[in-house]
Amino acid sequence: MLQRHMTALAVAVGLTALAQPGFAQDTYKIGSAVGLTGYAAASDRAWRDGQALAVEALNAKGGLLGKKVEYIAEDNRSEPQEAVVVYRKMMSNDKVNVFASGCVSAGNFAAAGAVVRAETPMVLCSILPPRPEEVKWAYSILPPPRFEMEARYNWLKANTQVRKIGIMHDPTPYAQLMRDVGVKSAQEAGFEVVAVESYKPDDVDMSVQIGRINAAGAGAIVKMGQGGSTVTIAKNIKQLGLEKMILLASLDDGAPLKAAGEELGERFMFVAPRVQIPAALQPGEPKEVAEAFLKIWREKFGDRDPNAGARGWDSVMVIAKAVQLANSFEGPKVRDAVEKISGFQGSFAKYNFSPEQHVGITENPYVIGVLRGGQFQVK
Amino acid sequence: MPDLVQFAQSLVNGVGVGLIYGLVGIGFCVIYNASGIVNFAQGVFVMLGGMVCHALLSKLGLPMIVAAVLTVPIVALAGLAIEFLVVRPMWDRGAALFAIILATLATQIAIERLTILTLGDQPRTYPEFTLGGPLKLGSIAISYQLFWILGCGSLMVVLLWLFFTRTTAGRALRACSQNREAAALLGIPVSRMLMLSFALSAGLGAVAGILVTPMQVTAYNIGTPFGVNGFIAAIIGGFGSAAGALAGGVLLGVLQALAIVLLGAGFKNVAALSVLLIVLFLFPSGIFAALQGSKGH
């Protein structure tokens, strides 16, 4: 009888322990709201896969401060409303310690208020949310939009006679921010923006917008936005018989860049981090870190494009570094520690955070890429 | 103010896209006529047409014509599967039409997810059927693929007309569209007609997907815009007439193109949907049905 009572007591104690929040936090949880479907799928799926590899690598080395790292990714369908739902789920059900969400800026903005109230740091693929109180808790792994524009304008100015350009952008916050930067910086770079046209990522034809840009006298289209729309624009340029029009695309996954390059040849160019064109990696630490990542990436995914995966990997490594610096898992301490990360070499770029600098990439990591002989090369 | 060349070029582009909307619209009409069901999974047939054709080209290395011809029955089988697994069980249990329509919407989402899992999330494309081009008429460029779309679209309408007027199965389908109960009393197997309509509709969607992919890309998520625009095309055309749906698609494509030229891309859908509202107010049964009605009188 006594033994039966003792067993019941042990079960009760066990169940009580399971119900305690402390039990759930035996792992350090990284949550990620990612667009696994919708317009951001190509980059966000790779971002997620890079993060999952990084978490595996951390756990293989014993985790963080003795705790196993758990990775939770939820599909926000590339839509802000869905993003709010999955952020809430990860905060209330999964009780994540830190967010490392994907590139759907509008989704991250929509949920930022609630995340800040929960004092949870965010290391994002997207641009930073607009409100200062949200920026305090958010860090970006994405290079500033001006770097993309500088890389494209510098190349165009140095290598062509084109001085009139057209801009095409989608309605995402990132693309709109890039449009504003592009329009603002064009004049000082020596270009005249003769047309600004918008499109939706799922538009089936963009010939009319391209026709308007051509009619305005532009010699190049600077495109802001990711995904299959780049291929559609390249095809439309060809279908319109615009034999001299240059297309300069945004940072993107390799698949659409390759397809667009097959249409326009070397009239199609794109901004690329060096990890996307490994032959361009700079010797020394940048090359060592990028190649260490690429080795693991290729073992798992073969020749899949590593660009977004590298950023995903870096986001987890930045968080790991912050936890180690803070020597704590508490949100406010990890948040403060990210601000102390400087000169941290990632596979995508070098990160220099500070209290005033929450966009970690401060040196332009881009080269201008082109498809040549079926391979990406530096133009 | 845009010049005449811009207007003419946008008309050409609008016709190209509109023909595809029209083909999707015809698919809507075929199923609606046979059953009263609006199949919101219609757009995925376009997506599957492009995806399957691309897979046959790239994985099996088949010539374009073989890949295209094989794609149509494969996607038609997908249509049959939807009918057999989703629509028929509900139909046989006497489910309300709106419930079946909702189920087709859920089916679209399920097929999109299945496509990601099996074929991946990357956009893909293949070359135009006739390389080179475009054909230049002065400053106006016409892609060779547009002629393929125009030719195949017209051929589809003629074949459908022959099917509906000259074959027993086609006449039986028409009988179902007029009165299903009476058709059943006359011995027409209404449920088999439903099956036929899904296969036919899926095949039409596949043709649209095969034709349009060389002009842009295909990916798991391209079904929705084609589905929405095809639905609007079918309504403009009178939701029942194949020629009306095709003409409705062309009208929609041209309106969208003109809206971009005159008002900017942001107003493309606003303009198209405003026209749809006006059509519904003035001609509740569609412009082309109204025109046919006035001719009859």
# chains A, B, ... in the order shown; residues from 1 in each chain; ligands from 1
call {"tool": "residues_around", "arguments": {"residues": "Ser143 of chain B", "least_positions_apart": "4", "cutoff": "9 Å", "atoms": "only C-alpha atoms", "output": "ChimeraX atom specification"}}
result
/A:238-241 /B:132-136,147,215
call {"tool": "write_last_selection", "arguments": {"atoms": "C-alpha atoms", "output": "mmCIF file, in the first residue's frame"}}
result
data_model
loop_
_atom_site.group_PDB
_atom_site.id
_atom_site.type_symbol
_atom_site.label_atom_id
_atom_site.label_comp_id
_atom_site.auth_asym_id
_atom_site.auth_seq_id
_atom_site.Cartn_x
_atom_site.Cartn_y
_atom_site.Cartn_z
ATOM 1 C CA LYS A 238 13.197 39.964 -74.666
ATOM 2 C CA GLN A 239 9.614 39.686 -75.969
ATOM 3 C CA LEU A 240 9.496 43.438 -76.486
ATOM 4 C CA GLY A 241 12.669 43.221 -78.559
ATOM 5 C CA GLY B 132 13.898 34.070 -82.034
ATOM 6 C CA GLY B 133 11.637 37.017 -82.429
ATOM 7 C CA PRO B 134 9.826 39.095 -81.603
ATOM 8 C CA LEU B 135 8.046 40.011 -84.830
ATOM 9 C CA LYS B 136 8.396 43.766 -85.304
ATOM 10 C CA PHE B 147 0.787 33.522 -82.005
ATOM 11 C CA MET B 215 6.298 33.996 -71.461
#
call {"tool": "closest_atom_pairs", "arguments": {"of": "chain B", "to": "chain A", "cutoff": "7 Å", "atoms": "only C-alpha atoms", "output": "tab-separated table"}}
result
residue	atom	partner	partner_atom	distance
B:Gln6	CA	A:Gly211	CA	6.8
B:Ser10	CA	A:Val208	CA	5.6
B:Asn13	CA	A:Ser207	CA	6.7
B:Asp121	CA	A:Ala42	CA	6.3
B:Gln122	CA	A:Ala42	CA	6.2
B:Pro123	CA	A:Gly228	CA	5.4
B:Pro134	CA	A:Gln239	CA	5.7
B:Ala141	CA	A:Leu240	CA	5.2
B:Ser143	CA	A:Gln239	CA	5.2
B:Met215	CA	A:Lys235	CA	6.2
B:Gln216	CA	A:Thr232	CA	4.4
B:Val217	CA	A:Thr232	CA	6.2
B:Asn221	CA	A:Gly38	CA	6.9
B:Ile222	CA	A:Asp202	CA	6.6
B:Pro225	CA	A:Asp202	CA	6.9
B:Ala257	CA	A:Val208	CA	6.4
B:Ile260	CA	A:Val208	CA	6.8
B:Val261	CA	A:Val208	CA	6.7
B:Ala265	CA	A:Ser198	CA	5.9
B:Gly266	CA	A:Ser198	CA	6.9
call {"tool": "write_last_selection", "arguments": {"atoms": "all heavy atoms", "output": "short mmCIF file (atom, residue, chain, number, x, y, z; two decimals), in the first residue's frame"}}
result
data_model
loop_
_atom_site.label_atom_id
_atom_site.label_comp_id
_atom_site.auth_asym_id
_atom_site.auth_seq_id
_atom_site.Cartn_x
_atom_site.Cartn_y
_atom_site.Cartn_z
N GLN B 6 2.79 53.14 -77.59
CA GLN B 6 2.60 52.57 -76.26
C GLN B 6 1.21 51.95 -76.13
O GLN B 6 1.04 50.86 -75.57
CB GLN B 6 2.76 53.65 -75.20
CG GLN B 6 4.10 53.57 -74.47
CD GLN B 6 4.11 54.55 -73.33
OE1 GLN B 6 4.22 55.75 -73.56
NE2 GLN B 6 4.01 54.07 -72.12
N SER B 10 0.58 48.02 -75.67
CA SER B 10 -0.12 47.52 -74.48
C SER B 10 -1.35 46.70 -74.89
O SER B 10 -1.71 45.73 -74.22
CB SER B 10 -0.51 48.66 -73.55
OG SER B 10 -1.45 49.48 -74.17
N ASN B 13 0.01 43.27 -75.72
CA ASN B 13 0.33 42.53 -74.49
C ASN B 13 -0.93 42.10 -73.75
O ASN B 13 -1.02 40.99 -73.22
CB ASN B 13 1.19 43.40 -73.56
CG ASN B 13 2.49 43.82 -74.19
OD1 ASN B 13 3.02 43.10 -75.03
ND2 ASN B 13 2.99 44.98 -73.83
N ASP B 121 9.94 24.75 -54.44
CA ASP B 121 9.33 26.08 -54.37
C ASP B 121 9.91 27.04 -55.40
O ASP B 121 9.51 28.19 -55.47
CB ASP B 121 9.52 26.66 -52.97
CG ASP B 121 10.98 26.72 -52.58
OD1 ASP B 121 11.83 26.31 -53.39
OD2 ASP B 121 11.29 27.18 -51.47
N GLN B 122 10.86 26.58 -56.19
CA GLN B 122 11.55 27.52 -57.08
C GLN B 122 10.73 27.80 -58.34
O GLN B 122 10.11 26.90 -58.90
CB GLN B 122 12.89 26.93 -57.52
CG GLN B 122 13.87 26.75 -56.37
CD GLN B 122 14.36 28.06 -55.81
OE1 GLN B 122 14.01 29.12 -56.31
NE2 GLN B 122 15.14 28.00 -54.75
N PRO B 123 10.73 29.07 -58.78
CA PRO B 123 10.07 29.35 -60.06
C PRO B 123 10.86 28.70 -61.19
O PRO B 123 12.07 28.56 -61.12
CB PRO B 123 10.15 30.88 -60.15
CG PRO B 123 11.26 31.28 -59.27
CD PRO B 123 11.36 30.25 -58.18
N PRO B 134 11.24 39.05 -81.22
CA PRO B 134 9.83 39.09 -81.60
C PRO B 134 9.63 39.58 -83.04
O PRO B 134 10.58 40.06 -83.66
CB PRO B 134 9.28 40.12 -80.61
CG PRO B 134 10.42 41.05 -80.39
CD PRO B 134 11.66 40.20 -80.42
N ALA B 141 6.25 45.28 -80.97
CA ALA B 141 6.83 43.93 -80.95
C ALA B 141 5.76 42.91 -80.59
O ALA B 141 4.98 43.13 -79.66
CB ALA B 141 7.95 43.89 -79.93
N SER B 143 5.55 38.91 -79.68
CA SER B 143 6.28 37.67 -79.39
C SER B 143 5.69 36.52 -80.20
O SER B 143 4.48 36.42 -80.37
CB SER B 143 6.17 37.39 -77.89
OG SER B 143 6.44 36.05 -77.63
N MET B 215 6.34 32.53 -71.49
CA MET B 215 6.30 34.00 -71.46
C MET B 215 6.60 34.55 -70.08
O MET B 215 6.82 35.74 -69.92
CB MET B 215 4.92 34.49 -71.90
CG MET B 215 4.63 34.13 -73.35
SD MET B 215 3.20 34.98 -73.98
CE MET B 215 3.85 36.60 -74.34
N GLN B 216 6.57 33.69 -69.05
CA GLN B 216 6.87 34.16 -67.70
C GLN B 216 7.49 33.02 -66.90
O GLN B 216 8.46 32.45 -67.34
CB GLN B 216 5.61 34.73 -67.05
CG GLN B 216 4.37 33.86 -67.29
CD GLN B 216 3.44 33.86 -66.13
OE1 GLN B 216 3.84 33.76 -64.99
NE2 GLN B 216 2.17 33.97 -66.40
N VAL B 217 6.97 32.72 -65.73
CA VAL B 217 7.47 31.58 -64.96
C VAL B 217 6.27 30.80 -64.44
O VAL B 217 5.14 31.29 -64.41
CB VAL B 217 8.31 32.01 -63.73
CG1 VAL B 217 9.62 32.60 -64.15
CG2 VAL B 217 7.55 32.96 -62.83
N ASN B 221 2.64 28.75 -56.68
CA ASN B 221 1.64 29.74 -56.26
C ASN B 221 1.08 30.59 -57.40
O ASN B 221 0.43 31.59 -57.14
CB ASN B 221 2.25 30.65 -55.19
CG ASN B 221 3.49 31.38 -55.69
OD1 ASN B 221 4.01 31.05 -56.74
ND2 ASN B 221 3.95 32.35 -54.94
N ILE B 222 1.31 30.22 -58.65
CA ILE B 222 0.80 31.10 -59.72
C ILE B 222 -0.66 30.82 -60.05
O ILE B 222 -1.27 31.53 -60.86
CB ILE B 222 1.65 31.01 -61.01
CG1 ILE B 222 1.57 29.59 -61.59
CG2 ILE B 222 3.07 31.44 -60.82
CD1 ILE B 222 1.21 29.61 -63.04
N PRO B 225 -3.58 33.99 -59.12
CA PRO B 225 -3.91 35.10 -60.03
C PRO B 225 -4.61 34.63 -61.30
O PRO B 225 -5.54 35.30 -61.78
CB PRO B 225 -2.56 35.73 -60.35
CG PRO B 225 -1.52 34.78 -59.89
CD PRO B 225 -2.14 33.96 -58.81
N ALA B 257 -4.11 46.18 -69.14
CA ALA B 257 -2.95 46.79 -69.79
C ALA B 257 -3.17 48.30 -69.98
O ALA B 257 -2.27 49.10 -69.71
CB ALA B 257 -2.70 46.12 -71.14
N ILE B 260 -2.77 50.22 -66.76
CA ILE B 260 -1.36 50.47 -66.38
C ILE B 260 -0.82 51.66 -67.17
O ILE B 260 -0.16 52.54 -66.61
CB ILE B 260 -0.49 49.22 -66.63
CG1 ILE B 260 -0.97 48.05 -65.76
CG2 ILE B 260 0.97 49.52 -66.30
CD1 ILE B 260 -0.30 46.73 -66.06
N VAL B 261 -1.13 51.70 -68.47
CA VAL B 261 -0.62 52.79 -69.31
C VAL B 261 -1.19 54.13 -68.86
O VAL B 261 -0.47 55.12 -68.73
CB VAL B 261 -0.98 52.53 -70.79
CG1 VAL B 261 -0.68 53.76 -71.63
CG2 VAL B 261 -0.17 51.36 -71.33
N ALA B 265 0.47 51.02 -62.63
CA ALA B 265 0.25 49.61 -62.30
C ALA B 265 -0.62 49.41 -61.06
O ALA B 265 -1.34 48.42 -60.95
CB ALA B 265 1.59 48.93 -62.11
N GLY B 266 -0.55 50.37 -60.14
CA GLY B 266 -1.32 50.25 -58.91
C GLY B 266 -2.82 50.21 -59.16
O GLY B 266 -3.59 49.72 -58.32
#
call {"tool": "closest_residue", "arguments": {"among": "A:Tyr28, A:Trp155, A:Phe293, A:Phe147", "to": "Asp94 of chain A", "atoms": "only C-alpha atoms"}}
result
A:Tyr28
call {"tool": "select_by_dssp", "arguments": {"residues": "segment 161-206 of chain A", "states": "strand (DSSP E or B)", "output": "VMD selection string"}}
result
chain A and resid 164 to 169 192 to 198
call {"tool": "closest_residue", "arguments": {"among": "B:Ser58, B:Leu194, B:Leu137, B:Lys268", "to": "Arg88 of chain B", "atoms": "only C-alpha atoms"}}
result
B:Leu194
call {"tool": "closest_atom_pairs", "arguments": {"of": "segment 113-223 of chain A", "to": "segment 333-337 of chain A", "cutoff": "8 Å", "atoms": "only C-alpha atoms", "output": "JSON lines"}}
result
{"residue": "A:Thr120", "atom": "CA", "partner": "A:Arg335", "partner_atom": "CA", "distance": 7.9}
{"residue": "A:Pro121", "atom": "CA", "partner": "A:Arg335", "partner_atom": "CA", "distance": 5.4}
{"residue": "A:Trp137", "atom": "CA", "partner": "A:Arg335", "partner_atom": "CA", "distance": 6.4}
call {"tool": "residues_around", "arguments": {"residues": "Pro273 of chain A", "least_positions_apart": "5", "cutoff": "10 Å", "atoms": "only C-alpha atoms", "output": "list in words"}}
result
Pro143, Leu251, Asp252, Pro278, Ala280, Leu281, Pro306, Asn307, Ala308, Ala310, Ser347, Phe348, Ala349, Asn364, Pro365, Tyr366, Val367, Ile368 and Gly369 of chain A
call {"tool": "atom_distance", "arguments": {"atom1": "atom CA of Val85 of chain A", "atom2": "atom CA of Val104 of chain A"}}
result
14.0 Å
call {"tool": "select_by_dssp", "arguments": {"residues": "segment 125-238 of chain A", "states": "alpha helix (DSSP H)", "output": "PyMOL selection string"}}
result
chain A and resi 132-135+145-159+173-189+207-215+229-238
call {"tool": "atom_distance", "arguments": {"atom1": "atom CA of Pro132 of chain A", "atom2": "atom CA of Thr362 of chain A"}}
result
19.7 Å
call {"tool": "closest_residue", "arguments": {"among": "B:Leu11, B:Val75, B:Leu162, B:Met195", "to": "Leu251 of chain B", "atoms": "only C-alpha atoms"}}
result
B:Leu11
call {"tool": "residues_around", "arguments": {"residues": "segment 231-247 of chain B", "least_positions_apart": "3", "cutoff": "10 Å", "atoms": "only C-alpha atoms", "output": "ChimeraX atom specification"}}
result
/B:15,18-34,38-40,42-43,153-154,156-158,160-161,177,225-228,250-253,272-273,275-277,279-280,283-292
call {"tool": "residues_around", "arguments": {"residues": "Met224 of chain A", "least_positions_apart": "5", "cutoff": "12 Å", "atoms": "only C-alpha atoms", "output": "MDAnalysis selection string"}}
result
chainID A and resid 145:146 148:149 152 166:183 196:201 229:230 233 247:252 270:271
